[in-house]
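The data block below is start_28.cif; it holds mmCIF, C-alpha atoms.
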data_start
loop_
_atom_site.group_PDB
_atom_site.id
_atom_site.type_symbol
_atom_site.label_atom_id
_atom_site.label_comp_id
_atom_site.auth_asym_id
_atom_site.auth_seq_id
_atom_site.Cartn_x
_atom_site.Cartn_y
_atom_site.Cartn_z
ATOM 1 C CA MET A 5 7.085 -29.571 -26.335
ATOM 2 C CA ARG A 6 10.137 -30.482 -28.346
ATOM 3 C CA ILE A 7 13.689 -29.721 -27.298
ATOM 4 C CA GLY A 8 13.971 -26.759 -29.686
ATOM 5 C CA GLU A 9 11.006 -25.012 -28.095
ATOM 6 C CA LEU A 10 12.309 -25.751 -24.593
ATOM 7 C CA SER A 11 15.662 -24.345 -25.635
ATOM 8 C CA THR A 12 14.045 -21.170 -26.950
ATOM 9 C CA ARG A 13 11.756 -20.665 -23.978
ATOM 10 C CA THR A 14 14.523 -21.159 -21.412
ATOM 11 C CA ARG A 15 17.350 -19.631 -23.466
ATOM 12 C CA THR A 16 19.300 -22.828 -22.838
ATOM 13 C CA PRO A 17 21.299 -24.541 -25.581
ATOM 14 C CA MET A 18 19.914 -27.919 -26.649
ATOM 15 C CA ARG A 19 23.231 -29.538 -25.819
ATOM 16 C CA LEU A 20 22.913 -28.312 -22.236
ATOM 17 C CA LEU A 21 19.332 -29.623 -22.027
ATOM 18 C CA ARG A 22 20.573 -33.045 -23.102
ATOM 19 C CA TYR A 23 23.235 -32.824 -20.399
ATOM 20 C CA TYR A 24 20.585 -31.964 -17.780
ATOM 21 C CA GLU A 25 18.635 -34.993 -18.895
ATOM 22 C CA GLN A 26 21.746 -37.186 -18.699
ATOM 23 C CA GLN A 27 22.339 -35.903 -15.138
ATOM 24 C CA GLU A 28 18.681 -36.696 -14.314
ATOM 25 C CA LEU A 29 17.882 -33.057 -13.563
ATOM 26 C CA ILE A 30 15.060 -33.062 -16.117
ATOM 27 C CA GLU A 31 13.249 -35.804 -17.945
ATOM 28 C CA ALA A 32 11.671 -36.153 -21.341
ATOM 29 C CA ASN A 33 9.152 -38.523 -22.768
ATOM 30 C CA ARG A 34 10.139 -40.136 -26.039
ATOM 31 C CA LEU A 35 7.861 -39.969 -29.046
ATOM 32 C CA PRO A 36 7.592 -43.005 -31.358
ATOM 33 C CA ASN A 37 10.100 -41.336 -33.701
ATOM 34 C CA GLY A 38 12.610 -40.987 -30.813
ATOM 35 C CA TYR A 39 12.195 -37.223 -30.411
ATOM 36 C CA ARG A 40 12.183 -35.814 -26.919
ATOM 37 C CA ASP A 41 8.873 -34.444 -25.669
ATOM 38 C CA TYR A 42 8.930 -32.278 -22.547
ATOM 39 C CA GLU A 43 6.013 -31.445 -20.295
ATOM 40 C CA GLU A 44 5.245 -27.804 -19.480
ATOM 41 C CA TYR A 45 6.655 -27.949 -15.933
ATOM 42 C CA VAL A 46 10.135 -28.645 -17.353
ATOM 43 C CA VAL A 47 10.422 -24.977 -18.381
ATOM 44 C CA ASP A 48 10.420 -23.945 -14.720
ATOM 45 C CA ARG A 49 12.657 -26.862 -13.776
ATOM 46 C CA VAL A 50 15.302 -25.809 -16.320
ATOM 47 C CA LEU A 51 15.177 -22.233 -15.013
ATOM 48 C CA GLN A 52 15.572 -23.515 -11.442
ATOM 49 C CA VAL A 53 18.507 -25.711 -12.424
ATOM 50 C CA ARG A 54 20.190 -22.857 -14.260
ATOM 51 C CA GLY A 55 19.716 -20.562 -11.290
ATOM 52 C CA LEU A 56 21.255 -23.101 -8.937
ATOM 53 C CA LEU A 57 24.159 -23.694 -11.300
ATOM 54 C CA ASP A 58 24.671 -19.930 -11.627
ATOM 55 C CA VAL A 59 25.236 -19.639 -7.887
ATOM 56 C CA GLY A 60 27.801 -22.415 -7.960
ATOM 57 C CA LEU A 61 25.980 -25.563 -6.906
ATOM 58 C CA PRO A 62 27.260 -28.708 -8.596
ATOM 59 C CA THR A 63 24.782 -30.922 -10.458
ATOM 60 C CA ARG A 64 25.166 -33.739 -7.913
ATOM 61 C CA ILE A 65 23.872 -31.447 -5.152
ATOM 62 C CA ILE A 66 21.159 -29.984 -7.387
ATOM 63 C CA LYS A 67 19.917 -33.475 -8.140
ATOM 64 C CA GLN A 68 19.566 -34.152 -4.424
ATOM 65 C CA ILE A 69 17.677 -30.942 -3.609
ATOM 66 C CA LEU A 70 15.350 -30.960 -6.630
ATOM 67 C CA PRO A 71 12.664 -32.843 -4.691
ATOM 68 C CA CYS A 72 12.537 -29.874 -2.311
ATOM 69 C CA LEU A 73 11.518 -27.664 -5.227
ATOM 70 C CA ASN A 74 8.424 -29.774 -5.874
ATOM 71 C CA THR A 75 5.105 -29.834 -4.116
ATOM 72 C CA PRO A 76 4.536 -31.961 -2.170
ATOM 73 C CA ARG A 77 8.103 -32.038 -0.924
ATOM 74 C CA THR A 78 9.825 -35.368 -0.666
ATOM 75 C CA ILE A 79 13.239 -35.362 0.967
ATOM 76 C CA HIS A 80 15.340 -38.508 0.844
ATOM 77 C CA LEU A 81 17.250 -38.326 4.128
ATOM 78 C CA PRO A 82 19.496 -41.352 3.549
ATOM 79 C CA TYR A 83 21.381 -39.283 0.958
ATOM 80 C CA VAL A 84 22.040 -36.313 3.242
ATOM 81 C CA THR A 85 25.602 -36.206 4.509
ATOM 82 C CA PRO A 86 27.263 -33.692 6.844
ATOM 83 C CA ASP A 87 29.335 -32.582 3.850
ATOM 84 C CA MET A 88 26.212 -31.906 1.828
ATOM 85 C CA VAL A 89 24.645 -29.907 4.664
ATOM 86 C CA ALA A 90 27.813 -27.823 5.022
ATOM 87 C CA THR A 91 27.945 -27.225 1.261
ATOM 88 C CA LEU A 92 24.306 -26.160 1.164
ATOM 89 C CA GLU A 93 24.792 -23.817 4.120
ATOM 90 C CA ARG A 94 27.769 -22.180 2.399
ATOM 91 C CA GLU A 95 25.871 -21.852 -0.867
ATOM 92 C CA ARG A 96 22.801 -20.469 0.896
ATOM 93 C CA ASP A 97 24.977 -17.846 2.597
ATOM 94 C CA ARG A 98 26.626 -16.937 -0.711
ATOM 95 C CA MET A 99 23.180 -16.553 -2.290
ATOM 96 C CA ALA A 100 22.126 -14.257 0.552
ATOM 97 C CA GLU A 101 25.192 -12.082 -0.073
ATOM 98 C CA LYS A 102 24.425 -11.921 -3.794
ATOM 99 C CA ILE A 103 20.783 -11.073 -3.092
ATOM 100 C CA GLU A 104 21.863 -8.274 -0.768
ATOM 101 C CA CYS A 105 24.254 -6.899 -3.387
ATOM 102 C CA LEU A 106 21.621 -7.125 -6.129
ATOM 103 C CA THR A 107 19.077 -5.413 -3.903
ATOM 104 C CA LYS A 108 21.467 -2.528 -3.211
ATOM 105 C CA ASN A 109 22.268 -2.183 -6.919
ATOM 106 C CA HIS A 110 18.576 -2.340 -7.814
ATOM 107 C CA ARG A 111 17.851 0.408 -5.293
ATOM 108 C CA ALA A 112 20.714 2.561 -6.619
ATOM 109 C CA ILE A 113 19.542 2.249 -10.223
ATOM 110 C CA THR A 114 15.951 3.013 -9.204
ATOM 111 C CA ASP A 115 17.091 6.110 -7.304
ATOM 112 C CA TYR A 116 19.175 7.226 -10.274
ATOM 113 C CA LEU A 117 16.266 6.768 -12.695
ATOM 114 C CA ASP A 118 13.964 8.672 -10.353
ATOM 115 C CA ALA A 119 16.451 11.565 -10.256
ATOM 116 C CA VAL A 120 16.795 11.540 -14.047
ATOM 117 C CA ARG A 121 13.003 11.618 -14.480
ATOM 118 C CA ARG A 122 12.667 14.499 -12.029
ATOM 119 C CA ASN A 123 15.298 16.465 -13.959
ATOM 120 C CA ILE A 124 13.584 15.751 -17.268
ATOM 121 C CA ARG A 125 10.213 16.937 -15.908
ATOM 122 C CA ALA A 126 11.837 20.046 -14.414
ATOM 123 C CA SER A 127 13.369 20.992 -17.786
#
As structure tokens, what does this structure read like?
Amino acid sequence: MRIGELSTRTRTPMRLLRYYEQQELIEANRLPNGYRDYEEYVVDRVLQVRGLLDVGLPTRIIKQILPCLNTPRTIHLPYVTPDMVATLERERDRMAEKIECLTKNHRAITDYLDAVRRNIRAS
């Protein structure tokens, strides 16, 4: 798929997709005319990258953990530093806090909607 379609499907600006490619977070094949051509799996990869960026991970860390998002998993241990492990532990804990908060909010909204529906049916 071309970059415009990838942009539409992932709701990611083309400029940002080019940046991801420059940072080696995604890759594109080049057509004879020089256009980028992305494989289908890149849609999920872009969504994964965006999710990791949204929780605060820098691209240098994302690049290192991307192999863990693939199957089969290939982890390059020579690149793992104590700093990186500490950063990932902090980020994992922050994600857990956000998940807990989102879960509570999801539950509250669901309960509210259930109450609204009961009131509508009772009317």
Selection result for the PyMOL selection byres ((chain A and resi 53) around 12) on this file, as a PyMOL selection string: chain A and resi 14+16+20-21+23-25+27-30+46-52+54-70+73
Point-to-point distance from CA of Pro36 (chain A) to CA of Arg6 (chain A), Å rounded to tenths: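 Here the two named atoms are 13.1 Å from each other.
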Atom-to-atom span, CA of Met5 (chain A) and CA of Asn33 (chain A), Å: 9.9 Å
Selected residue of minimal separation from Ile7 (chain A) among A:Arg40, A:Arg34, A:Arg121, A:Arg19, counting only C-alpha atoms: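 Answer, going by the shortest atom-to-atom distance: A:Arg40.
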Atomic distance CA of Ala126 (chain A) - CA of Ala112 (chain A), expressed in Å with one decimal: 21.1 Å
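Among the candidates A:Ala100, A:Ala32, A:Ala119, A:Met18, the one nearest to Tyr45 (chain A) when counting only C-alpha atoms is A:Ala32.
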